[in-house]
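Visitor: Pasting a structure here, questions to come.
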Amino acid sequence: MDNHKIALQIIDGVGGKENVSGLTHCFTRLRFVLKDESKASKDKVSSIEGVIQVVKASGQFQVVLGNKVEAIYDEIMPLLENPDTEDGEQDKKVGIGTKILNVVTAIFTPTIPAIAASGMLKGILAVAALIGLNVYHVDIKTFNTYIILNAASDALFYFMPVILARSAAKVFKTNEYIAMTLGATLCYPTLVELMTGNKAVTLFGIGITKANYVSSVVPIIIAVFVLAYVEKFVKKIMPDVLKIIMVPTLSLLIMVPATLMIFGPIGIYIGNAVNWAYHYIMNLSPILLGAFVGGIWCVLVIFGAHRAIIPIGINDVAKTGRQNLLAFAGAANFSQAGAALGVFFKTKNKNLKTVAASATVTALFGITEPAIYGANLRLKKPMVYAVISGALGGALMGWGGSYGNAFANQGVLTIPVYASAGTKAFICYILGCLIAFGGACILTVILGFNDLPSDDLVEKNSSKTDQIEDTQEENPTKTIDEDLVADDCDLSVNSPVEGKTIPLAQVSDEVFASGVLGKGVAVQPASGKILAPADATVSMIYPTLHAIGLILDSGIEMMIHIGIDTVKLNGKYFEKHVQDGDHVKKGQLLVSFDIQKIEQAGYDLTTTVVVTNSKNYAAIGSTNKDNISNNDQLLYLLSKS
């Protein structure tokens with residue numbers, strides 16, 4: 001269909017950029033007004049991939065897009081003359097803290113493999129040096145082989161400004177090679193000698209702050225950030241015929257002095273301030289710092305926030321040749337492995353047992369995501385046990401003064417990195433890892449957790465699922481599974497509204513009645529209150545307040561749509577009592593509305609309650625009660641085996 005025949009119009013609280021930029025599972029309907037309303041045009045739209053259904057309602061053809069709404073929206077918006085939301089507005093919705101975290105993550109993530117390799121090499125050399133000195137009484141550090149390999153382990157940190165310049169240039173969208181040249185300038189031997197010498201240093205007759213930028217982190221990031229704007233400005237004013245030569249030339253002529261005179265010193269001061277704060281806490285109470293990092297590290301991993309403090313460890317190694325950040329983080333990693341092992345011993349679910357076993361192994365080698373997402377966080381309590389045990393292990397490491405002589409991933413292979421700290425510190429590191437690992441495992445086994453269904457129950461559900469799927473093949477868009485009874489199900493949801501129940505197929509809105517937005521049931525409200533049917537997170541409240549989306553803690557994704565075409569009231573007679581993103585408790589008031597005034601205005605208040613991720617469940621049934629209260633179970637769900 002030609003793009004000039006499409007006009008995007010948000011009509012009903014189940015579509016719009018506000019929705020697709022967030023959680024699209026709750027609101028998956030974009031409506032289009034077709035200037036050509038012929039049957040041929042309708043059939044043509046129906047045949048487009050990704051279109052679930054085309055219906056005519058409220059005098060318009062409505063295109064139901066389903067779960068692909070976000071991708072389709074992103075493709076359509078550039079075709080429209082007046083997008084309702086511009087990139088700048090989207091950026092404003094992201095907090096400054098989130099932006100900084102995203103930038104730090106994007107800059108440092110590409111360097112992690114090289115950093116890990118350098119750390120591993122450093123650890124191997126440390127073990128070799130210890131064995132050579134203590135067993136063979138030979139100092140291998142004087143051997144050419146050691147010197148060459150040691151150079152390989154140190155090179156990354158020495159030329160850190162060059163390495164970070166490239167990744168920062170990709171993030172800030174500027175010329176990578178100009179950025180790397182700027183970073184190389186900071187590491188140039190003659191400049192390093194000049195900046196670390198006894199004489200004052202001047203540039204264009206102006207004195208500059210002396211600082212050694214070798215192995216520095218913050219100065220080059222700030223410099224490349226500014227370089228991006230300088231390059232854009234120079235490109236804007238420079239004639240096209242001169243850009244290829246003059247843009248990089250002027251960028252360097254501007255940025256080298258600016259970096260050495262302004263941004264470099266600022267970066268040094270910022271880096272020093274962050275490190276001062278970290279080490280101030282370390283000096284104040286290494287036990288407290290170790291406990292905090294050991295306990296919270298894997299929680300930060302969940303949000304990706306751990307990368308925001310990784311530069312502290314990198315900077316410490318670059319400046320002093322040692323770091324304790326990852327020593328404490330090692331306690332967190334081993335605690336995740338221990339908790340996963342406890343899940344392996346405790347669970348009766350074969351699939352979970354397999355996941356926990358493999359996750360234990362990967363966590364012991366420093367990769368904790370399988371343990372976190374596959375077992376511990378999934379079951380909640382093992383994650384708590386891991387945090388407690390990691391904190392205890394980190395506290396012991398802090399007390400013993402543990403540290404590593406390289407920036408290395410935390411796992412069994414990198415234990416030698418922490419051997420050079422001395423006997424006491426190394427023993428405390430080993431004991432801290434054992435406490436974290438063993439404590440989390442023992443707590444998980446003894447205190448237990450809410451296990452997944454046993455294999456017998458899974459087999460029973462599987463049998464029931466097969467029966468239901470056979471009956472669903474004839475009608476894949478059924479609005480409910482009438483044959484499903486509560487005893488067959490493993491999940492249930494209370495009614496968010498009290499009143500008379502109505503089969504979803506009888507609702508006058510064809511989109512809901514067809515079941516394409518999900519299976520569910522409708523209720524004719526007896527009171528003007530929508531209550532949380534279970535503990536949940538509010539994923540979306542439409543601005544006109546007539547529709548609300550919830551993600552229940554059990555994983556059920558639900559949409560509650562109050563009335564038919566009540567979007568036209570534009571929020572009149574509705575009042576919200578929660579905000580987007582709020583976590584609510586079962587029975588908490590979400591939205592209230594005036595039944596009498598809405599009905600007097602001529603609107604049907606039939607409220608639909610649908611499970612928008614219905615495809616994730618084998619079957620969904622509803623209550624057989626004609627009238628229902630908020631304490632009654634409205635929907636029953638059978639999980640897929």
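We label chains A, B, ... in the order they appear in the structure tokens, count residues from 1 in each chain, and number ligands from 1 in the order shown.
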Mind checking DSSP for region 340-464 of chain A and telling me the alpha helix (DSSP H) residues as an MDAnalysis selection string?
Guide: chainID A and resid 340:346 350:364 369:371 377:379 381:400 423:447 455:464
Visitor: Might you pull out every residue within 10 Å of Val224 (chain A), with only C-alpha atoms counted and same-chain residues fewer than 2 positions away left off, and present them as a ChimeraX atom specification?
Guide: /A:164-176,178-180,182-183,219-222,226-230,255,259,263
Visitor: Take the residues just selected and output them with N, CA and C atoms as a compact mmCIF listing (two decimals), in the first residue's frame.
Guide:
```txt
# COMPACT_ATOMS: atom_id res chain seq x y z
N LEU A 164 40.73 3.19 24.65
CA LEU A 164 39.45 3.80 24.99
C LEU A 164 39.04 4.85 23.97
N ALA A 165 40.02 5.48 23.32
CA ALA A 165 39.70 6.49 22.31
C ALA A 165 38.87 5.88 21.19
N ARG A 166 39.22 4.66 20.79
CA ARG A 166 38.47 4.02 19.70
C ARG A 166 37.04 3.70 20.10
N SER A 167 36.86 3.06 21.26
CA SER A 167 35.50 2.70 21.67
C SER A 167 34.68 3.94 22.00
N ALA A 168 35.32 4.98 22.57
CA ALA A 168 34.60 6.22 22.86
C ALA A 168 34.19 6.92 21.57
N ALA A 169 35.04 6.87 20.55
CA ALA A 169 34.72 7.49 19.26
C ALA A 169 33.50 6.82 18.63
N LYS A 170 33.38 5.51 18.79
CA LYS A 170 32.22 4.80 18.25
C LYS A 170 30.95 5.20 18.99
N VAL A 171 31.08 5.40 20.29
CA VAL A 171 29.91 5.78 21.09
C VAL A 171 29.48 7.21 20.78
N PHE A 172 30.46 8.12 20.68
CA PHE A 172 30.15 9.53 20.46
C PHE A 172 30.06 9.89 18.97
N LYS A 173 30.24 8.87 18.11
CA LYS A 173 30.08 9.04 16.66
C LYS A 173 30.99 10.12 16.09
N THR A 174 32.29 9.91 16.28
CA THR A 174 33.29 10.78 15.70
C THR A 174 34.37 9.92 15.04
N ASN A 175 35.30 10.53 14.35
CA ASN A 175 36.33 9.80 13.62
C ASN A 175 37.21 9.00 14.58
N GLU A 176 37.20 7.67 14.41
CA GLU A 176 37.91 6.80 15.34
C GLU A 176 39.42 7.01 15.28
N ILE A 178 41.13 9.75 14.31
CA ILE A 178 41.53 11.03 14.92
C ILE A 178 41.51 10.89 16.44
N ALA A 179 40.50 10.20 16.96
CA ALA A 179 40.41 9.98 18.40
C ALA A 179 41.60 9.15 18.90
N MET A 180 41.96 8.10 18.15
CA MET A 180 43.10 7.27 18.55
C MET A 180 44.41 8.05 18.46
N LEU A 182 44.66 11.21 19.00
CA LEU A 182 44.63 12.06 20.20
C LEU A 182 45.06 11.27 21.43
N GLY A 183 44.58 10.02 21.54
CA GLY A 183 44.98 9.17 22.65
C GLY A 183 46.45 8.81 22.60
N PRO A 219 40.41 11.22 31.21
CA PRO A 219 40.75 12.33 30.32
C PRO A 219 40.43 12.07 28.85
N ILE A 220 40.76 10.90 28.35
CA ILE A 220 40.54 10.63 26.93
C ILE A 220 39.05 10.52 26.62
N ILE A 221 38.25 10.02 27.55
CA ILE A 221 36.81 9.92 27.31
C ILE A 221 36.21 11.32 27.19
N ILE A 222 36.60 12.22 28.08
CA ILE A 222 36.11 13.59 27.99
C ILE A 222 36.59 14.24 26.70
N VAL A 226 34.25 15.78 23.56
CA VAL A 226 34.33 17.15 23.02
C VAL A 226 34.74 17.11 21.54
N LEU A 227 35.62 16.18 21.18
CA LEU A 227 36.05 16.05 19.79
C LEU A 227 34.86 15.85 18.85
N ALA A 228 33.87 15.10 19.28
CA ALA A 228 32.70 14.85 18.44
C ALA A 228 32.01 16.16 18.06
N TYR A 229 31.90 17.08 19.01
CA TYR A 229 31.26 18.36 18.73
C TYR A 229 32.16 19.27 17.90
N VAL A 230 33.45 19.23 18.17
CA VAL A 230 34.39 20.04 17.39
C VAL A 230 34.38 19.60 15.93
N MET A 255 41.98 20.11 19.46
CA MET A 255 41.78 19.21 20.58
C MET A 255 43.05 18.88 21.36
N THR A 259 42.88 19.49 25.18
CA THR A 259 42.98 18.33 26.07
C THR A 259 44.06 18.55 27.13
N PHE A 263 40.68 19.71 29.30
CA PHE A 263 39.95 18.47 29.54
C PHE A 263 40.80 17.39 30.19
```
Visitor: Do you know which residues are at most 10 Å from Val584 (chain A) counting only C-alpha atoms, after dropping those on the same chain fewer than 2 positions away, and could you put them as a ChimeraX atom specification?
Guide: /A:531-538,550,552-553,578-579,581-582,586-590
Visitor: By how many Å are CA of Gln600 (chain A) and CA of Phe574 (chain A) apart?
Guide: 14.3 Å
Visitor: Could you tell me which of A:Leu504, A:Ala421, A:Val567, A:Ile262 comes closest to Tyr403 (chain A) if we count only C-alpha atoms?
Guide: A:Ala421
Visitor: Dump as CSV the rows for residues of region 304-377 of chain A within 12 Å of region 156-159 of chain A: closest atom pair and distance in Å with one decimal, only C-alpha atoms counted, ordered by chain and rising residue number.
Guide:
```
residue,atom,partner,partner_atom,distance
A:Pro311,CA,A:Phe157,CA,11.6
A:Gly313,CA,A:Phe157,CA,11.4
A:Ile314,CA,A:Phe157,CA,7.9
A:Asn315,CA,A:Phe157,CA,8.6
A:Asp316,CA,A:Phe157,CA,10.3
A:Val317,CA,A:Phe157,CA,7.8
A:Ala318,CA,A:Phe157,CA,5.5
A:Lys319,CA,A:Phe157,CA,9.0
A:Thr320,CA,A:Phe157,CA,11.2
A:Gly321,CA,A:Phe157,CA,9.7
```
Visitor: From the options A:Lys500, A:Thr607, A:Asn351, A:Pro382, which residue's atoms come nearest to Ile548 (chain A), counting only C-alpha atoms?
Guide: A:Thr607
